[in-house]
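Asker: Pasting a structure here, questions to come.
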Amino acid sequence: MLVQVQNSTDSVAERALVDWLSGWDGAGSPQGVATVNCGLVHQGEAYHFDAVVWTPTSCVVIDVAGLRSPHGGTLQVPLTGDWTLNGVRAELETSDNRSPLDRSREHTFALQTWLAARGLGQRAVHGVALVVPLQNAPVQIEQKVQDPSFDVILGDDGNALRDYFGVLAQRESHRWTANDVAVSFRGMGMLPYLPAPQRLLEEGFLGPIDVTLWHGGPAQAEAEQYAEDLAEYERAAGTRRFRSPWYSPWRLYPREVGDIDFGRAAMRAGFALGMFIAIAWMLWFLITAFLTYGPG
């Protein structure tokens, strides 16, 4: 998982999220690219996201809420209204006074409509409220919200979040391409944080690559190098696939780059014409011999 952090708040919950996402680099780990502390402007409104994670099969908006109570208990998540811990309003460390559910609804809808305006509306945006309790405070979550696009995850060790992305990868079918991610980064003003196309392909995003989407960013040189390497590979593959024999006129009298040699051209044309006449004569000879001496 590639992780890009903008203007870190250095909160406990943010540090925990970044550590967990950055640690997903082994076999079987969720793949993708995550941006922490990002945002967008849509229809005149500015939206701030604690984190947005793109995987090859999904896009997830994460709202991080630190639970400041040193006591454990049951965190109740109602459909509307305040969240409570053991019957008392939970003290949540968030960016505003709204509940994480209300923020998630607004954020997922805003990003979904923003993507739809750019031709990416067929891909669902999911919302996650990541509740990070204080260390050694045992907490259980009682979620009364039944919404397939919203989940509340307890962030005490990061395993639940990792499992969430694993389930999502199996459930979703729409595929994100590297170009889709690049379009999103450019539109959200995150071009300086856009990874090189090689790294996105390694994370499982699909190609082909439109190099122009990386122009103007720090990864432009890597994107252009990728395009050159791919073109060279295709030329080499094509040369190996259609390699002419040693007696070909184009092998015996090859073209010289930057030089027009009419003598070589005449030799190639004459040799090719001679080979054509020889092959035609041999075919005529074989057909005539078969018709003359063949059975019947």
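If you're wondering about the labels, chains in the structure tokens are A, B, ... by order shown, residues count from 1 in each chain, ligands from 1 in order shown.
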Need to verify the contact set: Val125 in chain A, 10 Å, only C-alpha atoms, exclusion of same-chain residues closer than 6 positions in sequence. Can you return it as number ranges by chain?
Answerer: A: 52-54, 58-61, 107-113, 115, 149-150
Asker: Find the spatial neighbours of Ala46 in chain A, counting only C-alpha atoms, within a cut-off of 12 Å - ignore same-chain residues fewer than 3 positions away - and output them as a PDB file with all heavy atoms, in the first residue's frame.
Answerer:
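Ended up saving to part-v7.pdb:
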ATOM      1  N   CYS A  38      -6.583  14.915   2.758  1.00  0.00           N
ATOM      2  CA  CYS A  38      -6.784  15.447   1.419  1.00  0.00           C
ATOM      3  C   CYS A  38      -8.177  16.079   1.347  1.00  0.00           C
ATOM      4  O   CYS A  38      -8.912  16.099   2.334  1.00  0.00           O
ATOM      5  CB  CYS A  38      -6.637  14.349   0.372  1.00  0.00           C
ATOM      6  SG  CYS A  38      -7.781  12.960   0.591  1.00  0.00           S
ATOM      7  N   GLY A  39      -8.540  16.596   0.200  1.00  0.00           N
ATOM      8  CA  GLY A  39      -9.836  17.233   0.056  1.00  0.00           C
ATOM      9  C   GLY A  39     -10.126  17.583  -1.374  1.00  0.00           C
ATOM     10  O   GLY A  39      -9.316  17.339  -2.283  1.00  0.00           O
ATOM     11  N   LEU A  40     -11.307  18.147  -1.592  1.00  0.00           N
ATOM     12  CA  LEU A  40     -11.689  18.593  -2.926  1.00  0.00           C
ATOM     13  C   LEU A  40     -12.709  19.707  -2.793  1.00  0.00           C
ATOM     14  O   LEU A  40     -13.318  19.914  -1.738  1.00  0.00           O
ATOM     15  CB  LEU A  40     -12.240  17.436  -3.758  1.00  0.00           C
ATOM     16  CG  LEU A  40     -13.506  16.711  -3.297  1.00  0.00           C
ATOM     17  CD1 LEU A  40     -14.785  17.443  -3.704  1.00  0.00           C
ATOM     18  CD2 LEU A  40     -13.549  15.304  -3.885  1.00  0.00           C
ATOM     19  N   VAL A  41     -12.883  20.432  -3.883  1.00  0.00           N
ATOM     20  CA  VAL A  41     -13.901  21.471  -3.977  1.00  0.00           C
ATOM     21  C   VAL A  41     -14.892  21.038  -5.038  1.00  0.00           C
ATOM     22  O   VAL A  41     -14.514  20.781  -6.183  1.00  0.00           O
ATOM     23  CB  VAL A  41     -13.283  22.838  -4.338  1.00  0.00           C
ATOM     24  CG1 VAL A  41     -14.386  23.883  -4.499  1.00  0.00           C
ATOM     25  CG2 VAL A  41     -12.286  23.269  -3.272  1.00  0.00           C
ATOM     26  N   HIS A  42     -16.154  20.921  -4.635  1.00  0.00           N
ATOM     27  CA  HIS A  42     -17.191  20.442  -5.559  1.00  0.00           C
ATOM     28  C   HIS A  42     -18.436  21.294  -5.391  1.00  0.00           C
ATOM     29  O   HIS A  42     -18.948  21.460  -4.282  1.00  0.00           O
ATOM     30  CB  HIS A  42     -17.505  18.973  -5.274  1.00  0.00           C
ATOM     31  CG  HIS A  42     -18.554  18.392  -6.183  1.00  0.00           C
ATOM     32  ND1 HIS A  42     -18.438  18.398  -7.548  1.00  0.00           N
ATOM     33  CD2 HIS A  42     -19.749  17.795  -5.901  1.00  0.00           C
ATOM     34  CE1 HIS A  42     -19.500  17.822  -8.091  1.00  0.00           C
ATOM     35  NE2 HIS A  42     -20.311  17.458  -7.110  1.00  0.00           N
ATOM     36  N   GLN A  43     -18.894  21.858  -6.502  1.00  0.00           N
ATOM     37  CA  GLN A  43     -20.084  22.707  -6.519  1.00  0.00           C
ATOM     38  C   GLN A  43     -19.985  23.840  -5.489  1.00  0.00           C
ATOM     39  O   GLN A  43     -20.936  24.135  -4.765  1.00  0.00           O
ATOM     40  CB  GLN A  43     -21.340  21.861  -6.277  1.00  0.00           C
ATOM     41  CG  GLN A  43     -21.597  20.849  -7.381  1.00  0.00           C
ATOM     42  CD  GLN A  43     -22.828  20.000  -7.151  1.00  0.00           C
ATOM     43  OE1 GLN A  43     -23.373  19.967  -6.030  1.00  0.00           O
ATOM     44  NE2 GLN A  43     -23.268  19.295  -8.167  1.00  0.00           N
ATOM     45  N   PHE A  49     -11.133  15.321   3.797  1.00  0.00           N
ATOM     46  CA  PHE A  49     -11.185  13.891   4.103  1.00  0.00           C
ATOM     47  C   PHE A  49      -9.997  13.524   4.982  1.00  0.00           C
ATOM     48  O   PHE A  49      -8.857  13.905   4.688  1.00  0.00           O
ATOM     49  CB  PHE A  49     -11.140  13.053   2.816  1.00  0.00           C
ATOM     50  CG  PHE A  49     -12.178  13.446   1.800  1.00  0.00           C
ATOM     51  CD1 PHE A  49     -11.808  13.744   0.495  1.00  0.00           C
ATOM     52  CD2 PHE A  49     -13.513  13.517   2.135  1.00  0.00           C
ATOM     53  CE1 PHE A  49     -12.748  14.104  -0.446  1.00  0.00           C
ATOM     54  CE2 PHE A  49     -14.474  13.884   1.198  1.00  0.00           C
ATOM     55  CZ  PHE A  49     -14.089  14.180  -0.100  1.00  0.00           C
ATOM     56  N   GLU A 106     -21.923  12.668   4.053  1.00  0.00           N
ATOM     57  CA  GLU A 106     -21.629  13.850   3.243  1.00  0.00           C
ATOM     58  C   GLU A 106     -20.404  13.634   2.368  1.00  0.00           C
ATOM     59  O   GLU A 106     -20.392  13.976   1.176  1.00  0.00           O
ATOM     60  CB  GLU A 106     -21.421  15.058   4.152  1.00  0.00           C
ATOM     61  CG  GLU A 106     -21.095  16.340   3.393  1.00  0.00           C
ATOM     62  CD  GLU A 106     -20.815  17.501   4.322  1.00  0.00           C
ATOM     63  OE1 GLU A 106     -19.644  17.676   4.727  1.00  0.00           O
ATOM     64  OE2 GLU A 106     -21.773  18.221   4.647  1.00  0.00           O
ATOM     65  N   HIS A 107     -19.362  13.049   2.933  1.00  0.00           N
ATOM     66  CA  HIS A 107     -18.108  12.875   2.199  1.00  0.00           C
ATOM     67  C   HIS A 107     -18.237  11.870   1.066  1.00  0.00           C
ATOM     68  O   HIS A 107     -17.741  12.108  -0.045  1.00  0.00           O
ATOM     69  CB  HIS A 107     -17.006  12.443   3.168  1.00  0.00           C
ATOM     70  CG  HIS A 107     -16.599  13.526   4.117  1.00  0.00           C
ATOM     71  ND1 HIS A 107     -15.793  13.300   5.216  1.00  0.00           N
ATOM     72  CD2 HIS A 107     -16.886  14.854   4.140  1.00  0.00           C
ATOM     73  CE1 HIS A 107     -15.597  14.425   5.863  1.00  0.00           C
ATOM     74  NE2 HIS A 107     -16.250  15.383   5.227  1.00  0.00           N
ATOM     75  N   ALA A 110     -20.318  13.413  -1.737  1.00  0.00           N
ATOM     76  CA  ALA A 110     -19.575  14.441  -2.459  1.00  0.00           C
ATOM     77  C   ALA A 110     -18.555  13.823  -3.402  1.00  0.00           C
ATOM     78  O   ALA A 110     -18.442  14.220  -4.575  1.00  0.00           O
ATOM     79  CB  ALA A 110     -18.888  15.383  -1.471  1.00  0.00           C
ATOM     80  N   LEU A 111     -17.795  12.837  -2.918  1.00  0.00           N
ATOM     81  CA  LEU A 111     -16.781  12.212  -3.764  1.00  0.00           C
ATOM     82  C   LEU A 111     -17.426  11.403  -4.877  1.00  0.00           C
ATOM     83  O   LEU A 111     -16.929  11.381  -6.011  1.00  0.00           O
ATOM     84  CB  LEU A 111     -15.870  11.320  -2.920  1.00  0.00           C
ATOM     85  CG  LEU A 111     -14.673  10.695  -3.650  1.00  0.00           C
ATOM     86  CD1 LEU A 111     -13.826  11.767  -4.317  1.00  0.00           C
ATOM     87  CD2 LEU A 111     -13.827   9.862  -2.693  1.00  0.00           C
ATOM     88  N   TRP A 114     -18.613  13.841  -7.481  1.00  0.00           N
ATOM     89  CA  TRP A 114     -17.441  14.443  -8.121  1.00  0.00           C
ATOM     90  C   TRP A 114     -16.829  13.472  -9.133  1.00  0.00           C
ATOM     91  O   TRP A 114     -16.451  13.862 -10.243  1.00  0.00           O
ATOM     92  CB  TRP A 114     -16.431  14.821  -7.052  1.00  0.00           C
ATOM     93  CG  TRP A 114     -15.218  15.535  -7.557  1.00  0.00           C
ATOM     94  CD1 TRP A 114     -15.065  16.871  -7.773  1.00  0.00           C
ATOM     95  CD2 TRP A 114     -13.957  14.932  -7.923  1.00  0.00           C
ATOM     96  NE1 TRP A 114     -13.793  17.148  -8.241  1.00  0.00           N
ATOM     97  CE2 TRP A 114     -13.095  15.975  -8.339  1.00  0.00           C
ATOM     98  CE3 TRP A 114     -13.488  13.620  -7.917  1.00  0.00           C
ATOM     99  CZ2 TRP A 114     -11.798  15.740  -8.761  1.00  0.00           C
ATOM    100  CZ3 TRP A 114     -12.188  13.387  -8.344  1.00  0.00           C
ATOM    101  CH2 TRP A 114     -11.348  14.434  -8.757  1.00  0.00           C
ATOM    102  N   MET A 188      -8.221  16.540  -7.714  1.00  0.00           N
ATOM    103  CA  MET A 188      -8.277  16.893  -6.298  1.00  0.00           C
ATOM    104  C   MET A 188      -7.084  17.744  -5.870  1.00  0.00           C
ATOM    105  O   MET A 188      -6.894  17.992  -4.675  1.00  0.00           O
ATOM    106  CB  MET A 188      -8.350  15.622  -5.448  1.00  0.00           C
ATOM    107  CG  MET A 188      -9.622  14.818  -5.665  1.00  0.00           C
ATOM    108  SD  MET A 188      -9.626  13.205  -4.824  1.00  0.00           S
ATOM    109  CE  MET A 188      -9.692  13.723  -3.101  1.00  0.00           C
TER     110      MET A 188
END
Asker: Tell me, which residues of range 70-105 of chain A carry DSSP alpha helix (DSSP H), written as a count of residues only?
Answerer: 6
Asker: Env of Glu14 in chain A: 12 Å cut, atoms = only C-alpha atoms, seq-sep filter 4 positions within chain, self excluded. Answer as a list in words.
Answerer: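 Result of the neighbour search: Val5, Gln6, Asn7, Ser8, Thr9, Asp10, Val18, Asp19, Trp20, Leu21, Thr35, Val36, Asn37, Phe49, Asp50, Ala51, Ile62, Asp63, Val64, Ala65, Gly66, Glu93, Thr94, Ser95, Leu130, Val131, Val132 and Gly155 of chain A.
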Asker: Near range 215-222 of chain A, counting only C-alpha atoms, which residues have an atom at most 6 Å away, once you skip same-chain residues fewer than 6 positions from it, shown as a ChimeraX atom specification?
Answerer: /A:191-192,196
Asker: With only C-alpha atoms as the atoms that count, which of A:Ala269, A:Glu91, A:Ser173, A:Pro195 lies nearest to Gln4 in chain A?
Answerer: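 Of all the options, A:Pro195 lies closest to Gln4 in chain A.
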Asker: Check the DSSP output for the backbone and give back, as a PyMOL selection string, the residues of range 22-151 of chain A in strand (DSSP E).
Answerer: chain A and resi 33-42+45-55+58-67+73-77+84-85+88-89+92-93+125-133+139-143+150-151
Asker: Work out how far apart CA of Val128 in chain A and CA of Asp151 in chain A are and give it in Å to one decimal.
Answerer: 5.0 Å
